$ cat target-v9.txt   # compact mmCIF, C-alpha atoms and all ligand atoms
# COMPACT_ATOMS: atom_id res chain seq x y z
CA MET A 1 14.95 -25.74 13.99
CA ASN A 2 11.20 -26.02 14.25
CA ALA A 3 9.79 -22.90 12.61
CA LYS A 4 6.22 -23.63 13.63
CA ASN A 5 4.79 -20.54 15.23
CA GLU A 6 1.70 -18.46 15.73
CA MET A 7 0.76 -14.91 16.78
CA HIS A 8 -2.31 -12.79 17.34
CA LEU A 9 -2.52 -9.05 17.42
CA ARG A 10 -5.27 -6.47 17.66
CA PHE A 11 -4.99 -2.72 17.30
CA PRO A 12 -7.24 0.31 16.68
CA SER A 13 -7.94 1.35 13.09
CA LYS A 14 -5.55 4.30 13.07
CA SER A 15 -3.49 4.86 9.96
CA CYS A 16 -0.24 4.99 11.95
CA ASN A 17 -0.85 1.29 12.64
CA GLU A 18 -0.38 0.43 8.95
CA ALA A 19 3.40 0.70 9.40
CA PHE A 20 3.19 -1.03 12.77
CA ALA A 21 1.27 -4.02 11.38
CA ARG A 22 3.59 -4.65 8.43
CA SER A 23 6.65 -4.36 10.70
CA VAL A 24 5.15 -6.98 13.00
CA ALA A 25 4.49 -9.23 10.00
CA ALA A 26 8.11 -8.84 8.89
CA ALA A 27 9.45 -9.51 12.38
CA PHE A 28 7.24 -12.58 12.72
CA VAL A 29 8.73 -14.33 9.65
CA MET A 30 12.31 -13.27 10.40
CA ASN A 31 13.52 -16.61 11.76
CA LEU A 32 12.57 -18.25 8.46
CA ASP A 33 15.44 -16.24 6.99
CA PRO A 34 13.35 -14.72 4.18
CA THR A 35 14.93 -13.13 1.11
CA VAL A 36 14.66 -9.36 0.74
CA THR A 37 12.00 -9.85 -1.93
CA GLU A 38 9.95 -12.29 0.16
CA LEU A 39 10.03 -9.91 3.09
CA SER A 40 9.04 -6.94 0.95
CA ASP A 41 6.24 -8.96 -0.69
CA LEU A 42 4.76 -9.92 2.68
CA LYS A 43 5.09 -6.43 4.13
CA THR A 44 3.39 -4.94 1.10
CA ALA A 45 0.53 -7.45 1.05
CA VAL A 46 -0.13 -7.05 4.79
CA SER A 47 0.02 -3.27 4.42
CA GLU A 48 -2.64 -3.42 1.68
CA ALA A 49 -4.98 -5.61 3.71
CA VAL A 50 -4.61 -3.59 6.91
CA THR A 51 -5.07 -0.31 5.04
CA ASN A 52 -8.29 -1.66 3.56
CA CYS A 53 -9.67 -2.41 7.05
CA ILE A 54 -8.88 1.14 8.12
CA VAL A 55 -9.87 3.02 4.96
CA HIS A 56 -12.83 0.95 3.78
CA GLY A 57 -13.89 -1.42 6.55
CA TYR A 58 -14.25 1.23 9.21
CA ARG A 59 -14.25 4.30 6.95
CA ARG A 60 -14.35 7.28 9.29
CA GLU A 61 -15.39 5.30 12.33
CA SER A 62 -12.93 3.65 14.64
CA GLY A 63 -12.80 -0.06 15.17
CA THR A 64 -10.41 -2.90 15.87
CA VAL A 65 -8.20 -4.57 13.29
CA PHE A 66 -7.12 -8.18 13.92
CA LEU A 67 -3.89 -9.59 12.51
CA SER A 68 -2.88 -13.17 13.06
CA GLY A 69 0.05 -15.09 11.67
CA LYS A 70 0.91 -18.76 11.40
CA ILE A 71 4.01 -20.55 10.19
CA ASP A 72 3.83 -24.27 9.57
CA GLU A 73 6.66 -26.82 9.71
CA ASN A 74 7.34 -26.37 5.99
CA GLY A 75 7.86 -22.61 6.13
CA ARG A 76 4.43 -21.79 4.81
CA VAL A 77 3.23 -18.45 6.17
CA VAL A 78 -0.42 -17.53 6.60
CA PHE A 79 -1.60 -14.09 7.67
CA LYS A 80 -5.23 -13.33 8.44
CA ILE A 81 -6.35 -9.70 8.50
CA ARG A 82 -9.84 -9.09 9.80
CA ASP A 83 -12.15 -6.18 10.51
CA LYS A 84 -15.69 -5.95 11.87
CA GLY A 85 -16.53 -3.09 9.54
CA CYS A 86 -18.97 -2.53 6.69
CA GLY A 87 -18.13 -5.65 4.67
CA ILE A 88 -18.01 -6.04 0.88
CA ALA A 89 -21.20 -6.67 -1.10
CA ASP A 90 -19.49 -8.02 -4.23
CA VAL A 91 -16.07 -9.48 -3.50
CA ARG A 92 -15.40 -10.49 -7.11
CA GLN A 93 -15.94 -6.92 -8.27
CA ALA A 94 -13.89 -5.50 -5.37
CA MET A 95 -10.94 -7.67 -6.41
CA GLN A 96 -10.88 -6.42 -10.01
CA PRO A 97 -7.74 -4.38 -10.66
CA LEU A 98 -8.45 -0.61 -10.61
CA PHE A 99 -11.84 -1.04 -8.94
CA THR A 100 -12.20 1.32 -6.00
CA THR A 101 -15.04 2.89 -4.08
CA ALA A 102 -12.75 5.64 -2.78
CA ALA A 103 -11.33 7.32 -5.90
CA GLU A 104 -11.77 10.77 -4.36
CA GLU A 105 -9.40 9.70 -1.57
CA GLU A 106 -6.84 8.79 -4.23
CA ARG A 107 -7.07 5.06 -3.75
CA ALA A 108 -5.75 3.33 -6.86
CA GLY A 109 -7.88 0.20 -6.74
CA LEU A 110 -4.79 -1.99 -6.78
CA GLY A 111 -4.72 -3.35 -3.23
CA PHE A 112 -6.11 -6.78 -4.03
CA ALA A 113 -4.05 -6.97 -7.24
CA VAL A 114 -0.89 -6.33 -5.21
CA MET A 115 -1.87 -8.94 -2.59
CA GLN A 116 -2.50 -11.48 -5.35
CA SER A 117 0.71 -10.81 -7.16
CA PHE A 118 2.87 -10.84 -4.00
CA CYS A 119 1.33 -13.90 -2.31
CA ASP A 120 0.73 -17.47 -3.45
CA LYS A 121 -2.89 -17.39 -2.38
CA VAL A 122 -5.40 -14.71 -1.33
CA ARG A 123 -8.80 -15.56 0.12
CA VAL A 124 -11.47 -13.02 0.96
CA THR A 125 -14.60 -13.69 2.97
CA SER A 126 -16.93 -10.85 3.73
CA ALA A 127 -20.44 -10.15 4.93
CA VAL A 128 -22.13 -6.78 4.59
CA GLY A 129 -22.48 -5.15 8.00
CA LYS A 130 -20.33 -7.81 9.65
CA GLY A 131 -16.85 -7.38 8.29
CA THR A 132 -14.12 -8.81 6.11
CA THR A 133 -11.37 -11.38 6.50
CA VAL A 134 -8.44 -11.56 4.11
CA THR A 135 -6.17 -14.61 4.23
CA LEU A 136 -2.74 -14.32 2.66
CA GLU A 137 -0.56 -17.39 2.10
CA LYS A 138 3.03 -17.53 1.01
CA GLN A 139 5.62 -20.28 0.93
CA LEU A 140 9.01 -19.01 2.05
CA GLY A 141 12.34 -20.57 1.10
CA ASN A 142 12.71 -22.69 -2.08
CA GLY A 143 8.94 -22.38 -2.51
CA MET B 144 10.30 12.42 4.62
CA ILE B 145 10.19 15.03 1.86
CA GLU B 146 12.63 17.66 0.62
CA THR B 147 11.95 19.98 -2.28
CA THR B 148 14.02 22.02 -4.69
CA TYR B 149 12.81 24.56 -7.22
CA GLN B 150 14.82 25.74 -10.18
CA ASN B 151 14.13 26.65 -13.79
CA ASN B 152 10.43 26.33 -13.08
CA VAL B 153 10.88 22.69 -12.07
CA LEU B 154 9.75 21.58 -8.64
CA THR B 155 11.42 18.39 -7.45
CA ALA B 156 10.15 16.54 -4.40
CA PHE B 157 12.62 14.03 -2.98
CA LEU B 158 10.52 11.45 -1.19
CA SER B 159 12.07 9.15 1.38
CA GLY B 160 11.14 6.41 3.79
CA GLU B 161 7.94 4.42 3.55
CA ILE B 162 4.99 5.44 1.37
CA ASP B 163 1.69 4.05 2.57
CA HIS B 164 -1.82 5.45 3.02
CA ASP B 165 -0.71 7.30 6.15
CA SER B 166 2.37 9.01 4.75
CA ALA B 167 0.82 9.51 1.28
CA CYS B 168 -1.78 11.81 2.85
CA GLU B 169 0.99 13.99 4.31
CA ILE B 170 3.09 13.99 1.15
CA ARG B 171 0.04 14.93 -0.91
CA ALA B 172 -0.74 17.92 1.33
CA ARG B 173 2.87 19.13 1.32
CA VAL B 174 3.47 18.75 -2.41
CA ASP B 175 0.12 20.22 -3.45
CA GLY B 176 0.63 23.20 -1.15
CA ILE B 177 4.00 24.03 -2.71
CA ALA B 178 2.88 23.28 -6.28
CA GLN B 179 -0.18 25.50 -5.94
CA SER B 180 1.90 28.48 -4.85
CA LEU B 181 4.78 28.00 -7.34
CA LYS B 182 2.79 26.65 -10.31
CA PRO B 183 5.85 24.87 -11.75
CA ARG B 184 5.98 23.79 -15.37
CA LEU B 185 7.15 20.38 -14.18
CA LEU B 186 6.77 18.47 -10.93
CA CYS B 187 9.34 15.70 -10.43
CA LEU B 188 8.63 13.08 -7.81
CA ASP B 189 11.93 11.45 -6.91
CA PHE B 190 11.61 7.95 -5.41
CA GLY B 191 15.36 7.41 -4.96
CA LYS B 192 15.19 7.19 -1.16
CA VAL B 193 11.85 5.42 -0.84
CA SER B 194 12.38 2.15 1.04
CA PHE B 195 8.83 0.83 0.92
CA MET B 196 5.71 1.58 -1.09
CA ASP B 197 2.29 -0.02 -1.38
CA SER B 198 -0.50 0.87 -3.81
CA SER B 199 -1.08 4.14 -1.95
CA GLY B 200 1.98 5.38 -3.87
CA VAL B 201 0.16 4.78 -7.15
CA GLY B 202 -2.77 6.84 -5.92
CA LEU B 203 -0.33 9.55 -4.89
CA VAL B 204 1.23 9.68 -8.37
CA MET B 205 -2.12 9.57 -10.20
CA GLY B 206 -3.42 12.36 -7.98
CA ARG B 207 -0.38 14.58 -8.60
CA TYR B 208 -0.71 13.89 -12.33
CA ARG B 209 -4.25 15.29 -12.24
CA GLN B 210 -3.21 18.13 -9.98
CA MET B 211 -0.41 19.20 -12.36
CA LYS B 212 -2.78 19.03 -15.30
CA LEU B 213 -5.10 21.44 -13.50
CA LEU B 214 -2.16 23.76 -12.83
CA GLY B 215 -1.11 23.64 -16.49
CA GLY B 216 2.09 21.70 -15.80
CA ALA B 217 3.41 18.18 -16.20
CA LEU B 218 4.54 15.37 -13.92
CA ARG B 219 7.58 13.14 -13.99
CA VAL B 220 8.41 10.20 -11.75
CA GLN B 221 12.11 9.40 -11.38
CA ASN B 222 14.61 7.10 -9.64
CA VAL B 223 12.18 4.26 -9.09
CA SER B 224 13.86 1.10 -7.76
CA PRO B 225 12.98 -2.26 -9.33
CA GLY B 226 11.05 -3.34 -6.23
CA ILE B 227 8.82 -0.30 -6.33
CA TYR B 228 8.55 -0.42 -10.09
CA ARG B 229 6.71 -3.75 -9.75
CA ILE B 230 3.80 -1.87 -8.20
CA PHE B 231 3.81 0.95 -10.73
CA ALA B 232 3.85 -1.66 -13.51
CA MET B 233 0.45 -2.96 -12.37
CA SER B 234 -1.13 0.45 -12.65
CA GLY B 235 -0.94 1.45 -16.28
CA LEU B 236 0.94 4.59 -15.22
CA GLU B 237 3.44 3.98 -18.03
CA GLY B 238 0.66 4.82 -20.43
CA LEU B 239 0.62 8.36 -19.06
CA GLY B 240 4.25 8.88 -20.01
CA VAL B 241 5.28 10.07 -16.57
CA MET B 242 7.82 7.34 -15.74
CA GLY B 243 11.21 9.02 -16.33
N1 LIG C 301 -11.82 -4.48 4.50
C1 LIG C 301 -12.68 -3.97 3.61
N2 LIG C 301 -13.93 -3.57 4.01
C2 LIG C 301 -14.80 -3.04 3.12
N3 LIG C 301 -14.54 -2.87 1.80
C3 LIG C 301 -13.32 -3.25 1.36
C4 LIG C 301 -12.34 -3.82 2.22
N4 LIG C 301 -11.25 -4.10 1.49
C5 LIG C 301 -11.54 -3.73 0.22
N5 LIG C 301 -12.78 -3.22 0.12
C6 LIG C 301 -13.44 -2.74 -1.11
O1 LIG C 301 -12.72 -3.24 -2.23
C7 LIG C 301 -12.27 -2.16 -3.05
C8 LIG C 301 -10.96 -2.50 -3.69
O2 LIG C 301 -9.93 -2.63 -2.73
P1 LIG C 301 -8.41 -2.43 -3.19
O3 LIG C 301 -8.11 -3.34 -4.32
O4 LIG C 301 -7.54 -2.53 -2.00
O5 LIG C 301 -8.39 -0.94 -3.77
P2 LIG C 301 -8.46 0.46 -3.00
O6 LIG C 301 -8.15 0.22 -1.56
O7 LIG C 301 -7.41 1.28 -3.67
O8 LIG C 301 -9.83 0.99 -3.21
C9 LIG C 301 -12.25 -0.96 -2.14
O9 LIG C 301 -12.37 0.25 -2.84
C10 LIG C 301 -13.46 -1.24 -1.23
O10 LIG C 301 -14.66 -0.87 -1.88
MG MG C 302 -6.69 -0.94 -0.82

$ encode --input "target-v9.txt" --output "structure tokens"
Amino acid sequence: MNAKNEMHLRFPSKSCNEAFARSVAAAFVMNLDPTVTELSDLKTAVSEAVTNCIVHGYRRESGTVFLSGKIDENGRVVFKIRDKGCGIADVRQAMQPLFTTAAEEERAGLGFAVMQSFCDKVRVTSAVGKGTTVTLEKQLGNG
Amino acid sequence: MIETTYQNNVLTAFLSGEIDHDSACEIRARVDGIAQSLKPRLLCLDFGKVSFMDSSGVGLVMGRYRQMKLLGGALRVQNVSPGIYRIFAMSGLEGLGVMG
């Protein structure tokens, strides 16, 4: 079986799409026969990244969230989550556990920490006023 | 998504399904509404039927912890599955003594 695959999705920044996006991510990796933990890790990481686009990237405005997925021949999964929102001025600071700019909205500041602990690799590129791209990588199966 | 019981001054909220930013907002409104009218001595958040949670769940618990403090009561979190516990473990919530 050649697992190599790719998908692209775009949807409006509505919070009901948080569940939609992580379900799509789970469905996309299904033919790699992931373990329950792998599946839950990926769903959680994608949920964090998509929520950030909606809550922080676009704040109270509406915009489009982009989710793409890639699976290579070795069962390595890469998800890219992108917004064209406000961007992050200091990515290093944003990624510190417990750092949040939305404490009054009861954000815990753990989104990036969760992504990092549940994926093999997390990359963030961002430009103020232009938007943010988060790349999540995870090796499935004996990885 | 949420059922509550109230006895002996203890309000228990049985959460179920998926807890994310979207559902956390609804749970927060429901639980705070009931807690504000009953002013229980203890609020128990029961995670036994929660199938998915991201870090929004940590914000939900921290927020209810503060809310109960304001109301002069305490908070307890119970029936957390190992998968969900992994997220709570990152948060330092254990230090608050709410994990039952
Ligand atoms: N897509 C994004 N656009 C703009 N800012 C972001 C984005 N993602 C994260 N951030 C910033 O990084 C901070 C930390 O994010 P995170 O670790 O997910 O915690 P939380 O979402 O709980 O605040 C956020 O509070 C926000 O300031
Ligand atoms: Mg976040």

$ closest_residue --input "target-v9.txt" --among "A:Ala19, A:Leu32, A:Met115, A:Val122" --to "ligand MG 302 (chain C)" --atoms "all atoms listed in the file"
A:Met115

$ interface_residues --input "target-v9.txt" --of "chain A" --to "chain B" --cutoff "7 Å" --atoms "all atoms listed in the file" --output "ChimeraX atom specification"
/A:15-16,44,48,51,106-108,110-111

$ atom_distance --input "target-v9.txt" --atom1 "CA of Cys119 in chain A" --atom2 "CA of Gly141 in chain A"
13.3 Å

$ axis_aligned_box --input "target-v9.txt" --around "ligand LIG 301 (chain C)" --padding-each-side "6 Å" --output "JSON"
{"center_x": -11.1, "center_y": -1.6, "center_z": 0.1, "size_x": 19.4, "size_y": 17.8, "size_z": 20.8}

$ residues_near_ligand --input "target-v9.txt" --ligand "ligand LIG 301 (chain C)" --cutoff "7 Å" --atoms "all atoms listed in the file" --output "PyMOL selection string"
(chain A and resi 48-49+52-53+56-57+83+85-88+94-95+97-102+107-113+131-132) or (chain B and resi 198)

$ atom_distance --input "target-v9.txt" --atom1 "CA of Arg76 in chain A" --atom2 "CA of Leu140 in chain A"
6.0 Å

$ residues_near_point --input "target-v9.txt" --point "(13.8, -5.8, 3.3)" --cutoff "12 Å" --atoms "only C-alpha atoms" --output "list in words"
Arg22, Ser23, Ala25, Ala26, Ala27, Val29, Met30, Asp33, Pro34, Thr35, Val36, Thr37, Glu38, Leu39, Ser40, Asp41, Leu42, Lys43 and Thr44 of chain A; Glu161, Ser194, Phe195, Met196 and Gly226 of chain B

$ write_last_selection --input "target-v9.txt" --atoms "C-alpha atoms" --output "CSV table (one decimal), keeping the file's coordinate frame"
chain,number,residue,atom,x,y,z
A,22,ARG,CA,3.6,-4.6,8.4
A,23,SER,CA,6.6,-4.4,10.7
A,25,ALA,CA,4.5,-9.2,10.0
A,26,ALA,CA,8.1,-8.8,8.9
A,27,ALA,CA,9.4,-9.5,12.4
A,29,VAL,CA,8.7,-14.3,9.6
A,30,MET,CA,12.3,-13.3,10.4
A,33,ASP,CA,15.4,-16.2,7.0
A,34,PRO,CA,13.4,-14.7,4.2
A,35,THR,CA,14.9,-13.1,1.1
A,36,VAL,CA,14.7,-9.4,0.7
A,37,THR,CA,12.0,-9.8,-1.9
A,38,GLU,CA,10.0,-12.3,0.2
A,39,LEU,CA,10.0,-9.9,3.1
A,40,SER,CA,9.0,-6.9,1.0
A,41,ASP,CA,6.2,-9.0,-0.7
A,42,LEU,CA,4.8,-9.9,2.7
A,43,LYS,CA,5.1,-6.4,4.1
A,44,THR,CA,3.4,-4.9,1.1
B,161,GLU,CA,7.9,4.4,3.6
B,194,SER,CA,12.4,2.2,1.0
B,195,PHE,CA,8.8,0.8,0.9
B,196,MET,CA,5.7,1.6,-1.1
B,226,GLY,CA,11.0,-3.3,-6.2

$ closest_residue --input "target-v9.txt" --among "A:Met7, A:Ala127, A:Lys70, A:Val134" --to "ligand MG 302 (chain C)" --atoms "only C-alpha atoms and all ligand atoms"
A:Val134

$ residues_around --input "target-v9.txt" --residues "Leu214 in chain B" --least-positions-apart "2" --cutoff "12 Å" --atoms "all atoms listed in the file" --output "PyMOL selection string"
chain B and resi 175+177-186+207-212+216-218
